[in-house]
file model.txt (compact mmCIF, C-alpha atoms)
# COMPACT_ATOMS: atom_id res chain seq x y z
CA MET A 1 96.04 -71.46 283.06
CA GLY A 2 98.15 -72.74 280.24
CA GLU A 3 101.54 -74.35 279.84
CA GLY A 4 103.44 -71.40 281.31
CA GLY A 5 104.97 -71.27 284.76
CA ALA A 6 104.11 -69.03 287.67
CA VAL A 7 105.69 -65.59 287.70
CA LYS A 8 105.62 -62.68 290.11
CA LEU A 9 103.61 -59.79 288.74
CA ARG A 10 103.87 -56.17 289.73
CA LEU A 11 100.87 -54.29 288.45
CA SER A 12 99.64 -50.77 289.01
CA VAL A 13 95.84 -50.83 288.93
CA ASN A 14 93.66 -47.80 289.66
CA GLY A 15 96.62 -46.05 291.24
CA GLU A 16 97.50 -48.90 293.60
CA ARG A 17 100.53 -51.16 293.34
CA HIS A 18 99.94 -54.90 293.53
CA GLU A 19 102.37 -57.81 293.77
CA LEU A 20 100.97 -61.22 293.03
CA GLU A 21 101.82 -64.53 291.47
CA ALA A 22 100.12 -65.97 288.40
CA ASP A 23 100.88 -68.22 285.46
CA ASP A 24 102.81 -66.21 282.90
CA ASP A 25 100.04 -66.65 280.33
CA THR A 26 97.11 -65.70 282.61
CA PRO A 27 95.09 -62.98 280.88
CA LEU A 28 94.88 -59.61 282.62
CA ALA A 29 91.07 -59.80 282.91
CA TYR A 30 91.35 -62.97 285.01
CA VAL A 31 93.98 -61.42 287.29
CA LEU A 32 91.82 -58.32 287.75
CA ARG A 33 88.68 -60.32 288.52
CA GLU A 34 90.04 -63.28 290.47
CA ASP A 35 93.18 -62.02 292.18
CA LEU A 36 92.27 -58.36 292.73
CA GLY A 37 88.48 -58.72 293.08
CA LEU A 38 87.76 -56.08 290.41
CA LYS A 39 84.66 -57.67 288.89
CA GLY A 40 83.72 -54.68 286.68
CA THR A 41 85.99 -55.93 283.90
CA ARG A 42 83.78 -58.50 282.20
CA ILE A 43 84.72 -61.57 280.24
CA GLY A 44 82.24 -61.86 277.39
CA CYS A 45 83.63 -63.77 274.45
CA GLY A 46 87.09 -64.60 275.81
CA LEU A 47 88.51 -63.77 272.36
CA GLU A 48 88.92 -59.96 272.55
CA GLN A 49 86.06 -59.57 270.07
CA CYS A 50 83.22 -58.13 272.18
CA GLY A 51 84.87 -55.31 274.18
CA ALA A 52 83.42 -56.22 277.59
CA CYS A 53 86.96 -56.67 278.94
CA ALA A 54 88.21 -53.17 278.06
CA VAL A 55 90.55 -51.41 280.47
CA LEU A 56 92.81 -48.40 280.03
CA ALA A 57 96.53 -49.07 279.86
CA ASP A 58 98.41 -45.79 280.16
CA GLY A 59 95.18 -44.07 279.11
CA GLU A 60 94.62 -46.18 275.98
CA PRO A 61 91.70 -48.61 275.75
CA VAL A 62 92.87 -52.22 275.45
CA LEU A 63 91.03 -55.52 275.57
CA SER A 64 92.24 -57.71 278.40
CA CYS A 65 90.67 -61.18 278.18
CA VAL A 66 93.48 -62.72 276.12
CA SER A 67 96.57 -60.54 276.69
CA PRO A 68 98.76 -61.91 279.49
CA ALA A 69 98.85 -59.82 282.66
CA ALA A 70 102.65 -59.91 282.54
CA ALA A 71 102.53 -57.76 279.39
CA PHE A 72 101.04 -54.93 281.50
CA ALA A 73 103.90 -54.67 283.99
CA GLY A 74 105.11 -51.08 284.18
CA ARG A 75 101.87 -49.67 282.76
CA GLU A 76 99.11 -47.89 284.66
CA ILE A 77 95.92 -49.94 284.37
CA THR A 78 92.56 -48.30 284.96
CA THR A 79 89.48 -50.45 285.28
CA VAL A 80 85.88 -49.27 285.34
CA GLU A 81 86.18 -49.15 289.14
CA GLY A 82 88.89 -46.48 288.78
CA ILE A 83 87.32 -44.43 285.98
CA ALA A 84 85.68 -41.92 288.35
CA ALA A 85 89.11 -40.79 289.54
CA SER A 86 89.31 -38.53 286.48
CA ASP A 87 87.04 -35.65 285.50
CA THR A 88 86.55 -37.26 282.09
CA GLY A 89 85.54 -40.57 283.65
CA ARG A 90 83.00 -38.90 285.92
CA ARG A 91 81.55 -37.00 282.93
CA VAL A 92 81.27 -40.21 280.92
CA GLN A 93 79.56 -42.08 283.75
CA ALA A 94 77.06 -39.24 284.24
CA ALA A 95 76.41 -39.07 280.49
CA PHE A 96 75.73 -42.81 280.30
CA ILE A 97 73.16 -42.42 283.06
CA ALA A 98 71.60 -39.32 281.46
CA ALA A 99 71.33 -41.05 278.07
CA GLY A 100 70.08 -44.36 279.48
CA ALA A 101 72.98 -45.95 277.64
CA ALA A 102 72.78 -49.31 279.38
CA GLN A 103 70.18 -51.97 279.04
CA CYS A 104 71.33 -55.28 280.51
CA GLY A 105 74.61 -53.63 281.52
CA TYR A 106 76.99 -56.42 280.59
CA CYS A 107 78.88 -54.40 277.96
CA THR A 108 78.54 -51.07 279.77
CA ALA A 109 81.78 -51.19 281.75
CA GLY A 110 83.84 -51.80 278.61
CA LEU A 111 82.02 -49.04 276.77
CA VAL A 112 82.49 -46.55 279.63
CA VAL A 113 86.20 -47.36 279.72
CA ALA A 114 86.55 -47.03 275.93
CA VAL A 115 84.63 -43.74 275.79
CA THR A 116 86.69 -42.33 278.66
CA GLY A 117 89.92 -43.23 276.86
CA LEU A 118 88.61 -41.71 273.63
CA LEU A 119 87.57 -38.42 275.25
CA MET A 120 90.87 -38.18 277.14
CA ARG A 121 92.69 -38.33 273.80
CA GLU A 122 90.17 -36.40 271.72
CA PRO A 123 87.77 -34.23 273.74
CA ALA A 124 85.40 -33.47 270.81
CA PRO A 125 85.38 -36.41 268.37
CA ASP A 126 82.99 -36.43 265.44
CA ARG A 127 80.41 -39.21 265.21
CA GLU A 128 82.39 -41.25 262.65
CA HIS A 129 85.48 -41.19 264.88
CA VAL A 130 83.34 -42.33 267.84
CA LYS A 131 81.88 -45.17 265.78
CA ARG A 132 85.36 -46.33 264.76
CA ALA A 133 86.61 -46.16 268.36
CA LEU A 134 83.66 -48.20 269.59
CA ALA A 135 83.68 -50.75 266.75
CA PRO A 136 85.29 -53.45 268.95
CA HIS A 137 82.35 -53.23 271.38
CA ILE A 138 79.27 -55.38 270.93
CA CYS A 139 76.00 -54.59 272.68
CA ARG A 140 73.48 -57.36 272.13
CA CYS A 141 70.70 -55.23 273.61
CA GLY A 142 71.05 -52.57 270.92
CA SER A 143 72.07 -49.65 273.15
CA HIS A 144 74.52 -48.22 270.60
CA PRO A 145 72.34 -45.21 269.66
CA ARG A 146 72.11 -44.26 273.35
CA VAL A 147 75.84 -44.83 273.77
CA LEU A 148 76.49 -42.42 270.89
CA ARG A 149 74.19 -39.91 272.58
CA ALA A 150 76.11 -40.38 275.86
CA VAL A 151 79.38 -39.63 274.08
CA GLU A 152 77.90 -36.45 272.66
CA ILE A 153 76.65 -35.41 276.11
CA ALA A 154 80.02 -36.10 277.75
CA ALA A 155 81.93 -34.30 274.99
CA ARG A 156 79.78 -31.16 275.38
CA GLN A 157 80.31 -30.91 279.14
CA PRO A 158 83.19 -28.75 280.37

call {"tool": "encode", "arguments": {"input": "model.txt", "output": "structure tokens"}}
result
Amino acid sequence: MGEGGAVKLRLSVNGERHELEADDDTPLAYVLREDLGLKGTRIGCGLEQCGACAVLADGEPVLSCVSPAAAFAGREITTVEGIAASDTGRRVQAAFIAAGAAQCGYCTAGLVVAVTGLLMREPAPDREHVKRALAPHICRCGSHPRVLRAVEIAARQP
């Protein structure tokens, strides 16, 4: 991808260990999509400014379209494909469906990942905290009110 050389990567993604080779500056999103076939992590802007590339790294939402995959060695990465492995992730997915929180769907994976990470850390956030947590996420279709409703639904469920 850039001027770096190939390195061996050992990544833990959705509970599975992977060994692969990539340029040392290859962004995590590209490794997930191209090398591991996990297409749910989207590449929107390619500048970590839209949120479509969000994944969880050790339970914390991070944007992955610029950060090199090598920086994630030793961390547990969860993509949207692995979100349903947790009770919180399943609740968030169900709440997004119940609230109709997706329109075109391009940003949805990043939002589901970010909301899951938020509710894992803070099970009952107030609306202002939710807005701050989701500020890095852009939805061109205008689904944000429904996303906020989905967060409220997921936070109320046991």

call {"tool": "residues_near_point", "arguments": {"input": "model.txt", "point": "(98.0, -46.7, 281.9)", "cutoff": "6 Å", "atoms": "all atoms listed in the file", "output": "MDAnalysis selection string"}}
result
chainID A and resid 56:59 75:77

call {"tool": "residues_around", "arguments": {"input": "model.txt", "residues": "segment 6-23 of chain A", "least_positions_apart": "5", "cutoff": "8 Å", "atoms": "only C-alpha atoms", "output": "ChimeraX atom specification"}}
result
/A:1,31,35,69-70,72-79,81-82

call {"tool": "residues_around", "arguments": {"input": "model.txt", "residues": "segment 94-106 of chain A", "least_positions_apart": "3", "cutoff": "9 Å", "atoms": "all atoms listed in the file", "output": "ChimeraX atom specification"}}
result
/A:42,44,52,89-91,109-110,112,139-154

call {"tool": "residues_around", "arguments": {"input": "model.txt", "residues": "segment 119-129 of chain A", "least_positions_apart": "2", "cutoff": "8 Å", "atoms": "all atoms listed in the file", "output": "ChimeraX atom specification"}}
result
/A:59,88,115-117,131-133,148,155-156

call {"tool": "residues_around", "arguments": {"input": "model.txt", "residues": "Tyr30 of chain A", "least_positions_apart": "3", "cutoff": "9 Å", "atoms": "all atoms listed in the file", "output": "PyMOL selection string"}}
result
chain A and resi 26-27+33-35+41+43+64-65+69

call {"tool": "atom_distance", "arguments": {"input": "model.txt", "atom1": "atom CA of Glu48 of chain A", "atom2": "atom CA of Leu36 of chain A"}}
result
20.5 Å

call {"tool": "atom_distance", "arguments": {"input": "model.txt", "atom1": "atom CA of Ala71 of chain A", "atom2": "atom CA of Leu32 of chain A"}}
result
13.6 Å

call {"tool": "decode", "arguments": {"input": "model.txt", "residues": "segment 5-155 of chain A", "atoms": "C-alpha atoms", "output": "PDB file, in the first residue's frame"}}
result
ATOM      1  CA  GLY A   5       7.564  -3.400   3.716  1.00  0.00           C
ATOM      2  CA  ALA A   6       5.589  -6.576   4.223  1.00  0.00           C
ATOM      3  CA  VAL A   7       5.242  -7.817   7.777  1.00  0.00           C
ATOM      4  CA  LYS A   8       3.630 -10.840   9.373  1.00  0.00           C
ATOM      5  CA  LEU A   9       0.512  -9.920  11.277  1.00  0.00           C
ATOM      6  CA  ARG A  10      -1.108 -11.856  14.068  1.00  0.00           C
ATOM      7  CA  LEU A  11      -4.591 -10.554  14.655  1.00  0.00           C
ATOM      8  CA  SER A  12      -7.438 -11.762  16.811  1.00  0.00           C
ATOM      9  CA  VAL A  13     -10.698 -10.937  15.042  1.00  0.00           C
ATOM     10  CA  ASN A  14     -14.118 -11.988  16.303  1.00  0.00           C
ATOM     11  CA  GLY A  15     -12.499 -14.524  18.601  1.00  0.00           C
ATOM     12  CA  GLU A  16     -10.410 -16.177  15.879  1.00  0.00           C
ATOM     13  CA  ARG A  17      -6.646 -15.927  15.493  1.00  0.00           C
ATOM     14  CA  HIS A  18      -5.303 -15.013  12.068  1.00  0.00           C
ATOM     15  CA  GLU A  19      -1.761 -14.948  10.706  1.00  0.00           C
ATOM     16  CA  LEU A  20      -1.236 -13.078   7.483  1.00  0.00           C
ATOM     17  CA  GLU A  21       1.210 -10.894   5.648  1.00  0.00           C
ATOM     18  CA  ALA A  22       0.581  -7.282   4.673  1.00  0.00           C
ATOM     19  CA  ASP A  23       2.482  -4.069   4.122  1.00  0.00           C
ATOM     20  CA  ASP A  24       3.249  -2.553   7.506  1.00  0.00           C
ATOM     21  CA  ASP A  25       1.175   0.530   6.701  1.00  0.00           C
ATOM     22  CA  THR A  26      -1.924  -1.296   5.396  1.00  0.00           C
ATOM     23  CA  PRO A  27      -4.959   0.014   7.278  1.00  0.00           C
ATOM     24  CA  LEU A  28      -6.892  -2.471   9.398  1.00  0.00           C
ATOM     25  CA  ALA A  29     -10.108  -1.956   7.391  1.00  0.00           C
ATOM     26  CA  TYR A  30      -8.375  -3.162   4.221  1.00  0.00           C
ATOM     27  CA  VAL A  31      -6.964  -6.238   5.966  1.00  0.00           C
ATOM     28  CA  LEU A  32     -10.396  -7.065   7.384  1.00  0.00           C
ATOM     29  CA  ARG A  33     -12.145  -6.652   4.037  1.00  0.00           C
ATOM     30  CA  GLU A  34      -9.576  -7.976   1.582  1.00  0.00           C
ATOM     31  CA  ASP A  35      -7.554 -10.542   3.517  1.00  0.00           C
ATOM     32  CA  LEU A  36     -10.187 -11.840   5.942  1.00  0.00           C
ATOM     33  CA  GLY A  37     -13.300 -11.339   3.785  1.00  0.00           C
ATOM     34  CA  LEU A  38     -15.137  -9.369   6.499  1.00  0.00           C
ATOM     35  CA  LYS A  39     -16.968  -6.914   4.258  1.00  0.00           C
ATOM     36  CA  GLY A  40     -19.175  -5.424   7.015  1.00  0.00           C
ATOM     37  CA  THR A  41     -16.475  -2.917   7.929  1.00  0.00           C
ATOM     38  CA  ARG A  42     -17.046  -0.200   5.342  1.00  0.00           C
ATOM     39  CA  ILE A  43     -14.616   2.276   3.879  1.00  0.00           C
ATOM     40  CA  GLY A  44     -16.506   5.526   3.421  1.00  0.00           C
ATOM     41  CA  CYS A  45     -14.235   8.540   3.444  1.00  0.00           C
ATOM     42  CA  GLY A  46     -10.878   6.797   3.906  1.00  0.00           C
ATOM     43  CA  LEU A  47      -9.926   9.554   6.364  1.00  0.00           C
ATOM     44  CA  GLU A  48     -11.472   8.297   9.638  1.00  0.00           C
ATOM     45  CA  GLN A  49     -14.042  11.093   9.454  1.00  0.00           C
ATOM     46  CA  CYS A  50     -17.310   9.277   8.652  1.00  0.00           C
ATOM     47  CA  GLY A  51     -17.365   6.331  11.087  1.00  0.00           C
ATOM     48  CA  ALA A  52     -18.299   3.628   8.561  1.00  0.00           C
ATOM     49  CA  CYS A  53     -15.070   1.775   9.379  1.00  0.00           C
ATOM     50  CA  ALA A  54     -15.696   1.441  13.129  1.00  0.00           C
ATOM     51  CA  VAL A  55     -14.641  -1.750  14.883  1.00  0.00           C
ATOM     52  CA  LEU A  56     -14.170  -2.571  18.544  1.00  0.00           C
ATOM     53  CA  ALA A  57     -10.603  -2.965  19.760  1.00  0.00           C
ATOM     54  CA  ASP A  58     -10.628  -4.480  23.240  1.00  0.00           C
ATOM     55  CA  GLY A  59     -14.238  -3.302  23.520  1.00  0.00           C
ATOM     56  CA  GLU A  60     -13.543   0.318  22.535  1.00  0.00           C
ATOM     57  CA  PRO A  61     -14.848   1.746  19.257  1.00  0.00           C
ATOM     58  CA  VAL A  62     -12.032   2.753  16.912  1.00  0.00           C
ATOM     59  CA  LEU A  63     -11.979   3.864  13.297  1.00  0.00           C
ATOM     60  CA  SER A  64      -9.959   1.534  11.123  1.00  0.00           C
ATOM     61  CA  CYS A  65      -9.582   2.955   7.608  1.00  0.00           C
ATOM     62  CA  VAL A  66      -6.299   4.754   8.299  1.00  0.00           C
ATOM     63  CA  SER A  67      -4.728   3.043  11.331  1.00  0.00           C
ATOM     64  CA  PRO A  68      -2.265   0.331  10.305  1.00  0.00           C
ATOM     65  CA  ALA A  69      -3.352  -3.230  11.039  1.00  0.00           C
ATOM     66  CA  ALA A  70      -0.008  -3.842  12.752  1.00  0.00           C
ATOM     67  CA  ALA A  71      -1.065  -1.406  15.499  1.00  0.00           C
ATOM     68  CA  PHE A  72      -3.845  -3.849  16.466  1.00  0.00           C
ATOM     69  CA  ALA A  73      -1.602  -6.831  17.189  1.00  0.00           C
ATOM     70  CA  GLY A  74      -2.349  -8.195  20.644  1.00  0.00           C
ATOM     71  CA  ARG A  75      -5.799  -6.589  20.776  1.00  0.00           C
ATOM     72  CA  GLU A  76      -9.150  -8.307  20.364  1.00  0.00           C
ATOM     73  CA  ILE A  77     -10.881  -6.872  17.295  1.00  0.00           C
ATOM     74  CA  THR A  78     -14.637  -7.210  16.914  1.00  0.00           C
ATOM     75  CA  THR A  79     -16.245  -6.338  13.611  1.00  0.00           C
ATOM     76  CA  VAL A  80     -19.953  -6.010  12.916  1.00  0.00           C
ATOM     77  CA  GLU A  81     -19.905  -9.686  11.917  1.00  0.00           C
ATOM     78  CA  GLY A  82     -18.870 -10.579  15.483  1.00  0.00           C
ATOM     79  CA  ILE A  83     -21.139  -8.162  17.367  1.00  0.00           C
ATOM     80  CA  ALA A  84     -23.909 -10.740  17.911  1.00  0.00           C
ATOM     81  CA  ALA A  85     -21.548 -12.837  20.040  1.00  0.00           C
ATOM     82  CA  SER A  86     -22.380 -10.577  22.992  1.00  0.00           C
ATOM     83  CA  ASP A  87     -25.745  -9.961  24.647  1.00  0.00           C
ATOM     84  CA  THR A  88     -25.229  -6.220  24.204  1.00  0.00           C
ATOM     85  CA  GLY A  89     -24.512  -6.630  20.499  1.00  0.00           C
ATOM     86  CA  ARG A  90     -27.637  -8.719  19.968  1.00  0.00           C
ATOM     87  CA  ARG A  91     -29.719  -6.111  21.836  1.00  0.00           C
ATOM     88  CA  VAL A  92     -28.282  -3.310  19.712  1.00  0.00           C
ATOM     89  CA  GLN A  93     -28.942  -5.162  16.460  1.00  0.00           C
ATOM     90  CA  ALA A  94     -32.545  -5.884  17.500  1.00  0.00           C
ATOM     91  CA  ALA A  95     -33.038  -2.255  18.562  1.00  0.00           C
ATOM     92  CA  PHE A  96     -31.755  -0.956  15.217  1.00  0.00           C
ATOM     93  CA  ILE A  97     -34.289  -3.170  13.461  1.00  0.00           C
ATOM     94  CA  ALA A  98     -37.117  -2.165  15.822  1.00  0.00           C
ATOM     95  CA  ALA A  99     -36.359   1.550  15.375  1.00  0.00           C
ATOM     96  CA  GLY A 100     -35.849   1.333  11.605  1.00  0.00           C
ATOM     97  CA  ALA A 101     -32.467   2.916  12.221  1.00  0.00           C
ATOM     98  CA  ALA A 102     -31.038   2.197   8.791  1.00  0.00           C
ATOM     99  CA  GLN A 103     -31.948   3.724   5.501  1.00  0.00           C
ATOM    100  CA  CYS A 104     -29.358   2.989   2.823  1.00  0.00           C
ATOM    101  CA  GLY A 105     -27.390   0.953   5.370  1.00  0.00           C
ATOM    102  CA  TYR A 106     -23.895   2.104   4.460  1.00  0.00           C
ATOM    103  CA  CYS A 107     -23.164   3.685   7.855  1.00  0.00           C
ATOM    104  CA  THR A 108     -25.184   1.167   9.863  1.00  0.00           C
ATOM    105  CA  ALA A 109     -22.397  -1.304  10.606  1.00  0.00           C
ATOM    106  CA  GLY A 110     -20.181   1.415  12.074  1.00  0.00           C
ATOM    107  CA  LEU A 111     -23.061   2.785  14.118  1.00  0.00           C
ATOM    108  CA  VAL A 112     -24.012  -0.667  15.462  1.00  0.00           C
ATOM    109  CA  VAL A 113     -20.398  -1.256  16.466  1.00  0.00           C
ATOM    110  CA  ALA A 114     -20.108   2.167  18.135  1.00  0.00           C
ATOM    111  CA  VAL A 115     -23.402   1.811  20.011  1.00  0.00           C
ATOM    112  CA  THR A 116     -22.439  -1.674  21.189  1.00  0.00           C
ATOM    113  CA  GLY A 117     -19.123  -0.371  22.518  1.00  0.00           C
ATOM    114  CA  LEU A 118     -20.882   2.534  24.218  1.00  0.00           C
ATOM    115  CA  LEU A 119     -23.489   0.343  25.938  1.00  0.00           C
ATOM    116  CA  MET A 120     -20.825  -2.145  27.038  1.00  0.00           C
ATOM    117  CA  ARG A 121     -19.034   0.693  28.839  1.00  0.00           C
ATOM    118  CA  GLU A 122     -22.094   2.638  29.949  1.00  0.00           C
ATOM    119  CA  PRO A 123     -25.343   0.631  29.985  1.00  0.00           C
ATOM    120  CA  ALA A 124     -27.651   3.658  30.476  1.00  0.00           C
ATOM    121  CA  PRO A 125     -26.107   6.742  28.831  1.00  0.00           C
ATOM    122  CA  ASP A 126     -28.049   9.986  28.666  1.00  0.00           C
ATOM    123  CA  ARG A 127     -28.887  11.438  25.256  1.00  0.00           C
ATOM    124  CA  GLU A 128     -26.050  14.008  25.319  1.00  0.00           C
ATOM    125  CA  HIS A 129     -23.497  11.283  26.055  1.00  0.00           C
ATOM    126  CA  VAL A 130     -24.897   9.205  23.172  1.00  0.00           C
ATOM    127  CA  LYS A 131     -24.669  12.177  20.817  1.00  0.00           C
ATOM    128  CA  ARG A 132     -21.032  12.768  21.792  1.00  0.00           C
ATOM    129  CA  ALA A 133     -20.184   9.081  21.344  1.00  0.00           C
ATOM    130  CA  LEU A 134     -21.772   9.029  17.894  1.00  0.00           C
ATOM    131  CA  ALA A 135     -20.365  12.379  16.725  1.00  0.00           C
ATOM    132  CA  PRO A 136     -17.716  10.693  14.516  1.00  0.00           C
ATOM    133  CA  HIS A 137     -20.472   8.919  12.559  1.00  0.00           C
ATOM    134  CA  ILE A 138     -22.046  10.505   9.512  1.00  0.00           C
ATOM    135  CA  CYS A 139     -25.347   9.288   8.087  1.00  0.00           C
ATOM    136  CA  ARG A 140     -26.123  11.026   4.817  1.00  0.00           C
ATOM    137  CA  CYS A 141     -29.655   9.610   4.821  1.00  0.00           C
ATOM    138  CA  GLY A 142     -30.564  11.385   8.048  1.00  0.00           C
ATOM    139  CA  SER A 143     -31.235   8.312  10.211  1.00  0.00           C
ATOM    140  CA  HIS A 144     -29.714   9.868  13.344  1.00  0.00           C
ATOM    141  CA  PRO A 145     -33.072  10.390  15.138  1.00  0.00           C
ATOM    142  CA  ARG A 146     -33.889   6.703  14.616  1.00  0.00           C
ATOM    143  CA  VAL A 147     -30.390   5.716  15.727  1.00  0.00           C
ATOM    144  CA  LEU A 148     -30.914   7.680  18.954  1.00  0.00           C
ATOM    145  CA  ARG A 149     -34.226   5.873  19.413  1.00  0.00           C
ATOM    146  CA  ALA A 150     -32.461   2.527  18.844  1.00  0.00           C
ATOM    147  CA  VAL A 151     -29.925   3.373  21.546  1.00  0.00           C
ATOM    148  CA  GLU A 152     -32.741   4.168  23.955  1.00  0.00           C
ATOM    149  CA  ILE A 153     -34.479   0.871  23.114  1.00  0.00           C
ATOM    150  CA  ALA A 154     -31.282  -1.149  23.566  1.00  0.00           C
ATOM    151  CA  ALA A 155     -30.410   0.609  26.832  1.00  0.00           C
TER     152      ALA A 155
END
